[in-house]
Amino acid sequence: MPPLIKHSRHESDEIEAIHDVSKDQNESTDAEQQEFKPQIVWRNVAIMVTLHSAAAYGLYLSFTSAMIKTTMLAYFMYMLGGLGITAGAHRLWSHKTYKAKWPLRMMLMIFNSSAFENDIYEWSRDHRVHHKYSETNADPHNALRGFFFAHVGWLLTKKHPDVKNKGKNLDCSDILADPIVRFQRRYYLPLVFTFCYVVPTLIPYYLFGETLKNSFFICSILRYVVLLNATWLVNSAAHMFGNRPYDQTINPSENRFVSWWAIGEGFHNYHHTFPWDYATSEFGIKLNFTTMFIDLMAKIGWAYDRKVVSKEVIRLRKLRTGDGSYGHDHHHEEVPHPDDVDADDEHRHNE
Ligand code: ST9
Ligand code: ZN
Ligand code: ZN
């Protein structure tokens, strides 16, 4: 793994508060680190083991007794739940990479509830802490603690004190300022019960007469567990395996397998380098269903102010800090002085 260094960002003040990666990144004291002993939360272990076993049964049913259209519907609902995370909690609420009118925010909140990954506020707070303190003890899913911890282990143990201590200094009031986020937080359990379990079970039952058992195990449980694992892969696999064309000094990587399953969120070296880009990639809609969706929403006027990084800024950044894996012609070019690059390093709005 590459050595850890302090990150640097050159952004407008408006987004700096959200994405700034600064000063105290590796500040946790030796005493704190020595004292810390991971504390397993057995209730969560039991829940995850049960969920994954039930999902395996759902997979079995999908091959042995369910209608094909039930599994296809589960896949479709998986994509919608995924959008609630990617286009919603991630690109809209955590990073403010675009703006959305209330019908879209409402829709994304419902999709997000069907994904049952903690409410939007909690998800985004953890995610901002993850960006600011990547691969340190304050990162909730610190990938330096291994693949399993970054994937799911972090949800099975109490958080490291650094997560809470450093996290509380981050301002997340802008997220709670959205009444739709407050509504979801207030009614989170009934919303999750309805959109993660009840609705996905009833749709195939009423729509084409699938059995309740098949509907539940495939459209609710299997869908949910695949969605969880697809999301977690961004924290585990995409923080370990893949190339680093934009910044080889950080661990997040470009990983196509993850991009496919996480509907466009596997371009993770790009994303950690330019977290304000609404596409989380320089390749637009390629392998990026989420960007396709946001573009479609922009066409009907529900999404606007999509932020993108200019091609020139990306090119210069690759030359300056990339591993050379995207575009090999840079060896023949004059490498600009970092100060010149910084002057250009700003994002633009494409609308
Ligand atoms: C799930 C989330 O799966 C997945 C998120 C993945 C993120 C991926 C990101 C990758 C990029 C995007 C790609 C998306 C791709 C999607 C593809 C889709 C196709 N800052 O947490 P508590 C404080 S969830 C500041 O209880 P414990 C705070 O005061 C799955 N402060 O800590 C808090 O109180 P409150 C289902 C913080 O006791 C208090 O501490 N859910 C922060 O150590 C207590 O917090 C589960 O399994 C912070 N960051 O417990 C639930 N954090 O909230 C699992 C905490 O009142 N969670 N504080 O303000 C739990 O059971 C517990 O959180 C715990 C830790 C046991 C893990
Ligand atoms: Zn992010
Ligand atoms: Zn990450």
# chains A, B, ... in the order shown; residues from 1 in each chain; ligands from 1
$ closest_atom_pairs --of "segment 49-159 of chain A" --to "segment 267-279 of chain A" --cutoff "9 Å" --atoms "only C-alpha atoms" --output "JSON lines"
{"residue": "A:Ala87", "atom": "CA", "partner": "A:Tyr278", "partner_atom": "CA", "distance": 8.7}
{"residue": "A:Arg91", "atom": "CA", "partner": "A:Tyr278", "partner_atom": "CA", "distance": 6.2}
{"residue": "A:Leu92", "atom": "CA", "partner": "A:Tyr278", "partner_atom": "CA", "distance": 8.2}
{"residue": "A:His95", "atom": "CA", "partner": "A:Trp276", "partner_atom": "CA", "distance": 6.1}
{"residue": "A:Lys96", "atom": "CA", "partner": "A:Trp276", "partner_atom": "CA", "distance": 7.0}
{"residue": "A:Thr97", "atom": "CA", "partner": "A:Tyr278", "partner_atom": "CA", "distance": 4.6}
{"residue": "A:Tyr98", "atom": "CA", "partner": "A:Tyr278", "partner_atom": "CA", "distance": 6.2}
{"residue": "A:His131", "atom": "CA", "partner": "A:His272", "partner_atom": "CA", "distance": 7.1}
$ write_last_selection --atoms "C-alpha atoms" --output "PDB file, in the first residue's frame"
ATOM      1  CA  ALA A  87     -27.518   9.692  -5.983  1.00  0.00           C
ATOM      2  CA  ARG A  91     -23.647  12.545  -4.113  1.00  0.00           C
ATOM      3  CA  LEU A  92     -26.485  14.818  -2.997  1.00  0.00           C
ATOM      4  CA  HIS A  95     -21.061  15.901  -0.970  1.00  0.00           C
ATOM      5  CA  LYS A  96     -23.541  18.446  -2.372  1.00  0.00           C
ATOM      6  CA  THR A  97     -22.310  17.649  -5.890  1.00  0.00           C
ATOM      7  CA  TYR A  98     -25.618  18.811  -7.372  1.00  0.00           C
ATOM      8  CA  HIS A 131     -13.281  11.446   3.621  1.00  0.00           C
TER       9      HIS A 131
END
$ residues_around --residues "Val129 of chain A" --least-positions-apart "4" --cutoff "8 Å" --atoms "only C-alpha atoms" --output "ChimeraX atom specification"
/A:125,133-134,138-140,163,166-167,170
$ residues_around --residues "Tyr188 of chain A" --least-positions-apart "5" --cutoff "10 Å" --atoms "only C-alpha atoms" --output "list in words"
Ser113, Phe116, Asn118, Asp119, Ile120, Val181, Arg182, Phe183, Phe193 and Thr194 of chain A
$ write_last_selection --atoms "N, CA and C atoms" --output "mmCIF file, in the first residue's frame"
data_model
loop_
_atom_site.group_PDB
_atom_site.id
_atom_site.type_symbol
_atom_site.label_atom_id
_atom_site.label_comp_id
_atom_site.auth_asym_id
_atom_site.auth_seq_id
_atom_site.Cartn_x
_atom_site.Cartn_y
_atom_site.Cartn_z
ATOM 1 N N SER A 113 -34.581 4.761 2.118
ATOM 2 C CA SER A 113 -35.153 3.977 3.219
ATOM 3 C C SER A 113 -35.229 2.501 2.836
ATOM 4 N N PHE A 116 -31.992 0.698 3.792
ATOM 5 C CA PHE A 116 -31.737 0.462 5.219
ATOM 6 C C PHE A 116 -30.238 0.472 5.557
ATOM 7 N N ASN A 118 -28.776 2.926 7.599
ATOM 8 C CA ASN A 118 -28.777 4.059 8.535
ATOM 9 C C ASN A 118 -29.426 5.254 7.841
ATOM 10 N N ASP A 119 -29.957 6.165 8.653
ATOM 11 C CA ASP A 119 -30.649 7.291 8.011
ATOM 12 C C ASP A 119 -29.637 8.201 7.310
ATOM 13 N N ILE A 120 -30.175 9.060 6.446
ATOM 14 C CA ILE A 120 -29.313 9.876 5.579
ATOM 15 C C ILE A 120 -28.332 10.707 6.399
ATOM 16 N N VAL A 181 -34.741 15.206 5.176
ATOM 17 C CA VAL A 181 -33.793 14.408 5.957
ATOM 18 C C VAL A 181 -34.279 14.296 7.406
ATOM 19 N N ARG A 182 -34.773 15.402 7.935
ATOM 20 C CA ARG A 182 -35.278 15.372 9.321
ATOM 21 C C ARG A 182 -36.472 14.442 9.437
ATOM 22 N N PHE A 183 -37.344 14.483 8.436
ATOM 23 C CA PHE A 183 -38.520 13.604 8.429
ATOM 24 C C PHE A 183 -38.073 12.142 8.446
ATOM 25 N N PHE A 193 -39.204 -0.265 7.722
ATOM 26 C CA PHE A 193 -40.095 -1.425 7.777
ATOM 27 C C PHE A 193 -40.955 -1.462 6.503
ATOM 28 N N THR A 194 -41.477 -0.299 6.122
ATOM 29 C CA THR A 194 -42.351 -0.229 4.947
ATOM 30 C C THR A 194 -41.589 -0.472 3.642
#
$ closest_residue --among "A:Ile250, A:Leu176, A:Met106, A:Met79" --to "ligand 3" --atoms "only C-alpha atoms and all ligand atoms"
A:Ile250
$ residues_around --residues "segment 252-257 of chain A" --least-positions-apart "3" --cutoff "6 Å" --atoms "only C-alpha atoms" --output "NGL selection string"
:A and (238-239 or 242-244 or 260 or 266-269)
$ write_last_selection --atoms "N, CA and C atoms" --output "short mmCIF file (atom, residue, chain, number, x, y, z; two decimals), in the first residue's frame"
data_model
loop_
_atom_site.label_atom_id
_atom_site.label_comp_id
_atom_site.auth_asym_id
_atom_site.auth_seq_id
_atom_site.Cartn_x
_atom_site.Cartn_y
_atom_site.Cartn_z
N ALA A 238 -12.53 -1.28 -3.06
CA ALA A 238 -12.11 -0.06 -3.76
C ALA A 238 -11.17 0.80 -2.91
N HIS A 239 -10.86 0.34 -1.69
CA HIS A 239 -9.80 1.01 -0.93
C HIS A 239 -8.52 0.18 -0.94
N GLY A 242 -6.88 -2.00 -7.29
CA GLY A 242 -7.15 -1.19 -8.48
C GLY A 242 -6.05 -0.18 -8.70
N ASN A 243 -6.16 0.57 -9.79
CA ASN A 243 -5.11 1.54 -10.08
C ASN A 243 -5.45 2.91 -9.49
N ARG A 244 -4.44 3.78 -9.48
CA ARG A 244 -4.60 5.09 -8.84
C ARG A 244 -4.13 6.20 -9.78
N TRP A 260 -19.44 -1.64 -11.29
CA TRP A 260 -20.62 -2.32 -11.83
C TRP A 260 -21.64 -2.56 -10.72
N GLY A 266 -17.34 2.92 -8.16
CA GLY A 266 -16.05 2.25 -8.01
C GLY A 266 -14.88 3.06 -8.54
N PHE A 267 -15.17 4.27 -9.03
CA PHE A 267 -14.07 5.13 -9.51
C PHE A 267 -13.56 5.91 -8.29
N HIS A 268 -13.03 5.14 -7.35
CA HIS A 268 -12.88 5.69 -6.01
C HIS A 268 -11.62 6.53 -5.84
N ASN A 269 -10.61 6.28 -6.69
CA ASN A 269 -9.44 7.16 -6.63
C ASN A 269 -9.83 8.54 -7.15
#
$ closest_residue --among "A:Leu319, A:Ile68, A:Ala74, A:Val258" --to "Phe241 of chain A" --atoms "only C-alpha atoms"
A:Val258
$ closest_residue --among "A:Ser94, A:Thr321, A:Asn235, A:Asn251" --to "ligand 2" --atoms "only C-alpha atoms and all ligand atoms"
A:Ser94
$ select_by_dssp --residues "segment 106-209 of chain A" --states "alpha helix (DSSP H)" --output "mmCIF file with N, CA and C atoms, in the first residue's frame"
data_model
loop_
_atom_site.group_PDB
_atom_site.id
_atom_site.type_symbol
_atom_site.label_atom_id
_atom_site.label_comp_id
_atom_site.auth_asym_id
_atom_site.auth_seq_id
_atom_site.Cartn_x
_atom_site.Cartn_y
_atom_site.Cartn_z
ATOM 1 N N MET A 106 -37.492 13.762 -2.232
ATOM 2 C CA MET A 106 -38.471 12.871 -1.599
ATOM 3 C C MET A 106 -38.304 11.443 -2.137
ATOM 4 N N MET A 107 -38.199 11.345 -3.467
ATOM 5 C CA MET A 107 -38.047 10.030 -4.096
ATOM 6 C C MET A 107 -36.756 9.359 -3.589
ATOM 7 N N LEU A 108 -35.674 10.134 -3.540
ATOM 8 C CA LEU A 108 -34.398 9.556 -3.093
ATOM 9 C C LEU A 108 -34.457 9.148 -1.629
ATOM 10 N N MET A 109 -35.208 9.891 -0.836
ATOM 11 C CA MET A 109 -35.345 9.529 0.581
ATOM 12 C C MET A 109 -36.079 8.189 0.709
ATOM 13 N N ILE A 110 -37.097 7.987 -0.134
ATOM 14 C CA ILE A 110 -37.832 6.714 -0.084
ATOM 15 C C ILE A 110 -36.931 5.562 -0.568
ATOM 16 N N PHE A 111 -36.240 5.797 -1.685
ATOM 17 C CA PHE A 111 -35.286 4.769 -2.165
ATOM 18 C C PHE A 111 -34.259 4.477 -1.070
ATOM 19 N N ASN A 112 -33.792 5.540 -0.429
ATOM 20 C CA ASN A 112 -32.779 5.393 0.611
ATOM 21 C C ASN A 112 -33.306 4.559 1.778
ATOM 22 N N SER A 113 -34.581 4.761 2.118
ATOM 23 C CA SER A 113 -35.153 3.977 3.219
ATOM 24 C C SER A 113 -35.229 2.501 2.836
ATOM 25 N N SER A 114 -35.433 2.228 1.540
ATOM 26 C CA SER A 114 -35.498 0.834 1.108
ATOM 27 C C SER A 114 -34.119 0.172 1.202
ATOM 28 N N ALA A 115 -33.054 0.988 1.296
ATOM 29 C CA ALA A 115 -31.700 0.428 1.383
ATOM 30 C C ALA A 115 -31.279 0.156 2.831
ATOM 31 N N ILE A 120 -30.175 9.060 6.446
ATOM 32 C CA ILE A 120 -29.313 9.876 5.579
ATOM 33 C C ILE A 120 -28.332 10.707 6.399
ATOM 34 N N TYR A 121 -28.786 11.244 7.524
ATOM 35 C CA TYR A 121 -27.914 12.096 8.344
ATOM 36 C C TYR A 121 -26.742 11.283 8.896
ATOM 37 N N GLU A 122 -27.052 10.135 9.489
ATOM 38 C CA GLU A 122 -25.997 9.313 10.088
ATOM 39 C C GLU A 122 -25.038 8.803 9.012
ATOM 40 N N TRP A 123 -25.604 8.356 7.889
ATOM 41 C CA TRP A 123 -24.788 7.851 6.778
ATOM 42 C C TRP A 123 -23.826 8.947 6.312
ATOM 43 N N SER A 124 -24.362 10.154 6.121
ATOM 44 C CA SER A 124 -23.550 11.241 5.564
ATOM 45 C C SER A 124 -22.513 11.723 6.567
ATOM 46 N N ARG A 125 -22.874 11.734 7.841
ATOM 47 C CA ARG A 125 -21.910 12.154 8.867
ATOM 48 C C ARG A 125 -20.727 11.185 8.882
ATOM 49 N N ASP A 126 -21.020 9.878 8.905
ATOM 50 C CA ASP A 126 -19.931 8.891 8.855
ATOM 51 C C ASP A 126 -19.118 9.065 7.577
ATOM 52 N N HIS A 127 -19.817 9.369 6.477
ATOM 53 C CA HIS A 127 -19.107 9.451 5.197
ATOM 54 C C HIS A 127 -18.193 10.675 5.128
ATOM 55 N N ARG A 128 -18.639 11.776 5.664
ATOM 56 C CA ARG A 128 -17.765 12.965 5.678
ATOM 57 C C ARG A 128 -16.543 12.721 6.559
ATOM 58 N N VAL A 129 -16.764 12.014 7.674
ATOM 59 C CA VAL A 129 -15.636 11.682 8.546
ATOM 60 C C VAL A 129 -14.673 10.747 7.807
ATOM 61 N N HIS A 130 -15.254 9.823 7.041
ATOM 62 C CA HIS A 130 -14.429 8.912 6.235
ATOM 63 C C HIS A 130 -13.543 9.688 5.259
ATOM 64 N N HIS A 131 -14.091 10.672 4.574
ATOM 65 C CA HIS A 131 -13.281 11.446 3.621
ATOM 66 C C HIS A 131 -12.221 12.275 4.342
ATOM 67 N N LYS A 132 -12.627 12.885 5.417
ATOM 68 C CA LYS A 132 -11.684 13.787 6.082
ATOM 69 C C LYS A 132 -10.541 13.035 6.747
ATOM 70 N N PHE A 147 -9.491 -5.926 5.166
ATOM 71 C CA PHE A 147 -10.639 -6.010 4.269
ATOM 72 C C PHE A 147 -11.932 -6.249 5.043
ATOM 73 N N PHE A 148 -11.897 -7.197 5.967
ATOM 74 C CA PHE A 148 -13.131 -7.562 6.661
ATOM 75 C C PHE A 148 -13.661 -6.399 7.499
ATOM 76 N N PHE A 149 -12.752 -5.712 8.185
ATOM 77 C CA PHE A 149 -13.203 -4.579 9.005
ATOM 78 C C PHE A 149 -13.822 -3.494 8.123
ATOM 79 N N ALA A 150 -13.148 -3.166 7.009
ATOM 80 C CA ALA A 150 -13.654 -2.102 6.130
ATOM 81 C C ALA A 150 -14.978 -2.515 5.491
ATOM 82 N N HIS A 151 -15.129 -3.819 5.245
ATOM 83 C CA HIS A 151 -16.337 -4.291 4.565
ATOM 84 C C HIS A 151 -17.528 -4.293 5.519
ATOM 85 N N PRO A 161 -12.872 5.584 19.496
ATOM 86 C CA PRO A 161 -13.188 6.910 20.066
ATOM 87 C C PRO A 161 -12.825 8.069 19.134
ATOM 88 N N ASP A 162 -11.802 7.886 18.309
ATOM 89 C CA ASP A 162 -11.422 8.969 17.376
ATOM 90 C C ASP A 162 -12.556 9.333 16.424
ATOM 91 N N VAL A 163 -13.363 8.338 16.045
ATOM 92 C CA VAL A 163 -14.459 8.613 15.097
ATOM 93 C C VAL A 163 -15.400 9.642 15.708
ATOM 94 N N LYS A 164 -15.734 9.419 16.968
ATOM 95 C CA LYS A 164 -16.684 10.318 17.628
ATOM 96 C C LYS A 164 -16.002 11.643 17.982
ATOM 97 N N ASN A 165 -14.795 11.563 18.525
ATOM 98 C CA ASN A 165 -14.110 12.787 18.959
ATOM 99 C C ASN A 165 -13.835 13.728 17.798
ATOM 100 N N LYS A 166 -13.337 13.178 16.726
ATOM 101 C CA LYS A 166 -13.018 14.045 15.588
ATOM 102 C C LYS A 166 -14.258 14.344 14.768
ATOM 103 N N GLY A 167 -15.146 13.338 14.717
ATOM 104 C CA GLY A 167 -16.380 13.543 13.942
ATOM 105 C C GLY A 167 -17.216 14.691 14.491
ATOM 106 N N SER A 173 -24.629 20.379 9.856
ATOM 107 C CA SER A 173 -25.937 21.016 10.050
ATOM 108 C C SER A 173 -26.662 21.228 8.716
ATOM 109 N N ASP A 174 -25.887 21.375 7.630
ATOM 110 C CA ASP A 174 -26.520 21.574 6.320
ATOM 111 C C ASP A 174 -27.373 20.357 5.929
ATOM 112 N N ILE A 175 -26.963 19.181 6.384
ATOM 113 C CA ILE A 175 -27.723 17.970 6.012
ATOM 114 C C ILE A 175 -29.074 17.980 6.742
ATOM 115 N N LEU A 176 -28.994 18.291 8.037
ATOM 116 C CA LEU A 176 -30.233 18.319 8.830
ATOM 117 C C LEU A 176 -31.127 19.511 8.485
ATOM 118 N N PRO A 179 -35.666 19.486 5.443
ATOM 119 C CA PRO A 179 -36.771 18.879 6.202
ATOM 120 C C PRO A 179 -37.037 17.423 5.807
ATOM 121 N N ILE A 180 -36.683 17.058 4.584
ATOM 122 C CA ILE A 180 -36.893 15.664 4.149
ATOM 123 C C ILE A 180 -35.952 14.729 4.904
ATOM 124 N N VAL A 181 -34.741 15.206 5.176
ATOM 125 C CA VAL A 181 -33.793 14.408 5.957
ATOM 126 C C VAL A 181 -34.279 14.296 7.406
ATOM 127 N N ARG A 182 -34.773 15.402 7.935
ATOM 128 C CA ARG A 182 -35.278 15.372 9.321
ATOM 129 C C ARG A 182 -36.472 14.442 9.437
ATOM 130 N N PHE A 183 -37.344 14.483 8.436
ATOM 131 C CA PHE A 183 -38.520 13.604 8.429
ATOM 132 C C PHE A 183 -38.073 12.142 8.446
ATOM 133 N N GLN A 184 -37.097 11.812 7.576
ATOM 134 C CA GLN A 184 -36.648 10.421 7.523
ATOM 135 C C GLN A 184 -36.037 9.989 8.852
ATOM 136 N N ARG A 185 -35.241 10.860 9.465
ATOM 137 C CA ARG A 185 -34.587 10.513 10.735
ATOM 138 C C ARG A 185 -35.637 10.277 11.816
ATOM 139 N N ARG A 186 -36.667 11.100 11.810
ATOM 140 C CA ARG A 186 -37.703 11.000 12.842
ATOM 141 C C ARG A 186 -38.523 9.717 12.717
ATOM 142 N N TYR A 188 -37.631 6.906 10.992
ATOM 143 C CA TYR A 188 -36.771 5.978 10.268
ATOM 144 C C TYR A 188 -37.250 4.524 10.337
ATOM 145 N N LEU A 189 -37.584 4.048 11.532
ATOM 146 C CA LEU A 189 -37.950 2.625 11.628
ATOM 147 C C LEU A 189 -39.222 2.275 10.856
ATOM 148 N N PRO A 190 -40.322 3.056 11.015
ATOM 149 C CA PRO A 190 -41.487 2.739 10.171
ATOM 150 C C PRO A 190 -41.191 2.854 8.671
ATOM 151 N N LEU A 191 -40.369 3.807 8.285
ATOM 152 C CA LEU A 191 -40.040 3.952 6.863
ATOM 153 C C LEU A 191 -39.271 2.739 6.337
ATOM 154 N N VAL A 192 -38.293 2.294 7.137
ATOM 155 C CA VAL A 192 -37.509 1.132 6.732
ATOM 156 C C VAL A 192 -38.387 -0.120 6.700
ATOM 157 N N VAL A 199 -43.105 -3.295 1.296
ATOM 158 C CA VAL A 199 -43.395 -2.986 -0.118
ATOM 159 C C VAL A 199 -42.712 -3.971 -1.082
ATOM 160 N N PRO A 200 -41.404 -4.263 -0.907
ATOM 161 C CA PRO A 200 -40.782 -5.210 -1.846
ATOM 162 C C PRO A 200 -41.416 -6.602 -1.793
ATOM 163 N N THR A 201 -42.006 -6.954 -0.639
ATOM 164 C CA THR A 201 -42.656 -8.266 -0.548
ATOM 165 C C THR A 201 -44.026 -8.241 -1.230
ATOM 166 N N LEU A 202 -44.727 -7.134 -1.083
ATOM 167 C CA LEU A 202 -46.100 -7.100 -1.612
ATOM 168 C C LEU A 202 -46.163 -6.879 -3.122
ATOM 169 N N ILE A 203 -45.187 -6.186 -3.686
ATOM 170 C CA ILE A 203 -45.275 -5.866 -5.122
ATOM 171 C C ILE A 203 -45.379 -7.131 -5.998
ATOM 172 N N PRO A 204 -44.437 -8.091 -5.900
ATOM 173 C CA PRO A 204 -44.576 -9.274 -6.770
ATOM 174 C C PRO A 204 -45.787 -10.139 -6.409
ATOM 175 N N TYR A 205 -46.176 -10.083 -5.142
ATOM 176 C CA TYR A 205 -47.330 -10.868 -4.685
ATOM 177 C C TYR A 205 -48.598 -10.358 -5.375
ATOM 178 N N TYR A 206 -48.794 -9.054 -5.366
ATOM 179 C CA TYR A 206 -50.002 -8.489 -6.000
ATOM 180 C C TYR A 206 -49.854 -8.337 -7.507
ATOM 181 N N LEU A 207 -48.642 -8.044 -7.961
ATOM 182 C CA LEU A 207 -48.452 -7.745 -9.385
ATOM 183 C C LEU A 207 -48.596 -8.989 -10.254
ATOM 184 N N PHE A 208 -47.952 -10.072 -9.856
ATOM 185 C CA PHE A 208 -48.077 -11.268 -10.705
ATOM 186 C C PHE A 208 -48.219 -12.559 -9.912
#
$ closest_residue --among "A:Leu287, A:Ile218, A:Leu212, A:Ala262" --to "Ala237 of chain A" --atoms "only C-alpha atoms"
A:Ala262
$ residues_around --residues "Lys213 of chain A" --least-positions-apart "2" --cutoff "12 Å" --atoms "only C-alpha atoms" --output "PDB file with C-alpha atoms, in the first residue's frame"
ATOM      1  CA  ALA A  54     -31.771 -15.790   4.819  1.00  0.00           C
ATOM      2  CA  TYR A  57     -32.031 -19.167   1.108  1.00  0.00           C
ATOM      3  CA  GLY A  58     -33.511 -16.452  -1.122  1.00  0.00           C
ATOM      4  CA  LEU A  61     -35.451 -20.086  -3.969  1.00  0.00           C
ATOM      5  CA  SER A  62     -34.674 -17.893  -6.968  1.00  0.00           C
ATOM      6  CA  SER A  65     -39.143 -22.110  -7.055  1.00  0.00           C
ATOM      7  CA  ALA A  66     -39.543 -18.413  -7.859  1.00  0.00           C
ATOM      8  CA  THR A  70     -39.480 -12.001  -9.298  1.00  0.00           C
ATOM      9  CA  PRO A 200     -40.782  -5.210  -1.846  1.00  0.00           C
ATOM     10  CA  THR A 201     -42.656  -8.266  -0.548  1.00  0.00           C
ATOM     11  CA  LEU A 202     -46.100  -7.100  -1.612  1.00  0.00           C
ATOM     12  CA  PRO A 204     -44.576  -9.274  -6.770  1.00  0.00           C
ATOM     13  CA  TYR A 205     -47.330 -10.868  -4.685  1.00  0.00           C
ATOM     14  CA  GLY A 209     -49.109 -13.652  -7.953  1.00  0.00           C
ATOM     15  CA  GLU A 210     -45.692 -14.695  -6.645  1.00  0.00           C
ATOM     16  CA  THR A 211     -45.839 -16.514  -3.287  1.00  0.00           C
ATOM     17  CA  SER A 215     -41.346 -12.431  -2.571  1.00  0.00           C
ATOM     18  CA  PHE A 216     -40.021 -11.899   0.924  1.00  0.00           C
ATOM     19  CA  PHE A 217     -36.807 -13.885   0.671  1.00  0.00           C
ATOM     20  CA  ILE A 218     -35.877 -12.641  -2.813  1.00  0.00           C
ATOM     21  CA  CYS A 219     -37.255  -9.116  -3.218  1.00  0.00           C
ATOM     22  CA  SER A 220     -36.763  -8.034   0.357  1.00  0.00           C
ATOM     23  CA  ILE A 221     -33.922  -9.997   1.963  1.00  0.00           C
TER      24      ILE A 221
END
$ decode --residues "segment 111-142 of chain A" --atoms "C-alpha atoms" --output "JSON list (two decimals), in the first residue's frame"
[["chain", "number", "residue", "atom", "x", "y", "z"],
["A", 111, "PHE", "CA", -35.29, 4.77, -2.17],
["A", 112, "ASN", "CA", -32.78, 5.39, 0.61],
["A", 113, "SER", "CA", -35.15, 3.98, 3.22],
["A", 114, "SER", "CA", -35.50, 0.83, 1.11],
["A", 115, "ALA", "CA", -31.70, 0.43, 1.38],
["A", 116, "PHE", "CA", -31.74, 0.46, 5.22],
["A", 117, "GLU", "CA", -28.16, 1.71, 5.62],
["A", 118, "ASN", "CA", -28.78, 4.06, 8.54],
["A", 119, "ASP", "CA", -30.65, 7.29, 8.01],
["A", 120, "ILE", "CA", -29.31, 9.88, 5.58],
["A", 121, "TYR", "CA", -27.91, 12.10, 8.34],
["A", 122, "GLU", "CA", -26.00, 9.31, 10.09],
["A", 123, "TRP", "CA", -24.79, 7.85, 6.78],
["A", 124, "SER", "CA", -23.55, 11.24, 5.56],
["A", 125, "ARG", "CA", -21.91, 12.15, 8.87],
["A", 126, "ASP", "CA", -19.93, 8.89, 8.85],
["A", 127, "HIS", "CA", -19.11, 9.45, 5.20],
["A", 128, "ARG", "CA", -17.76, 12.96, 5.68],
["A", 129, "VAL", "CA", -15.64, 11.68, 8.55],
["A", 130, "HIS", "CA", -14.43, 8.91, 6.23],
["A", 131, "HIS", "CA", -13.28, 11.45, 3.62],
["A", 132, "LYS", "CA", -11.68, 13.79, 6.08],
["A", 133, "TYR", "CA", -9.81, 11.12, 8.04],
["A", 134, "SER", "CA", -9.40, 8.34, 5.45],
["A", 135, "GLU", "CA", -7.31, 5.38, 6.62],
["A", 136, "THR", "CA", -6.89, 6.63, 10.18],
["A", 137, "ASN", "CA", -8.58, 5.56, 13.41],
["A", 138, "ALA", "CA", -11.09, 8.35, 12.94],
["A", 139, "ASP", "CA", -12.25, 6.79, 9.67],
["A", 140, "PRO", "CA", -15.31, 4.69, 10.64],
["A", 141, "HIS", "CA", -14.30, 1.94, 8.18],
["A", 142, "ASN", "CA", -10.54, 2.43, 8.24]]
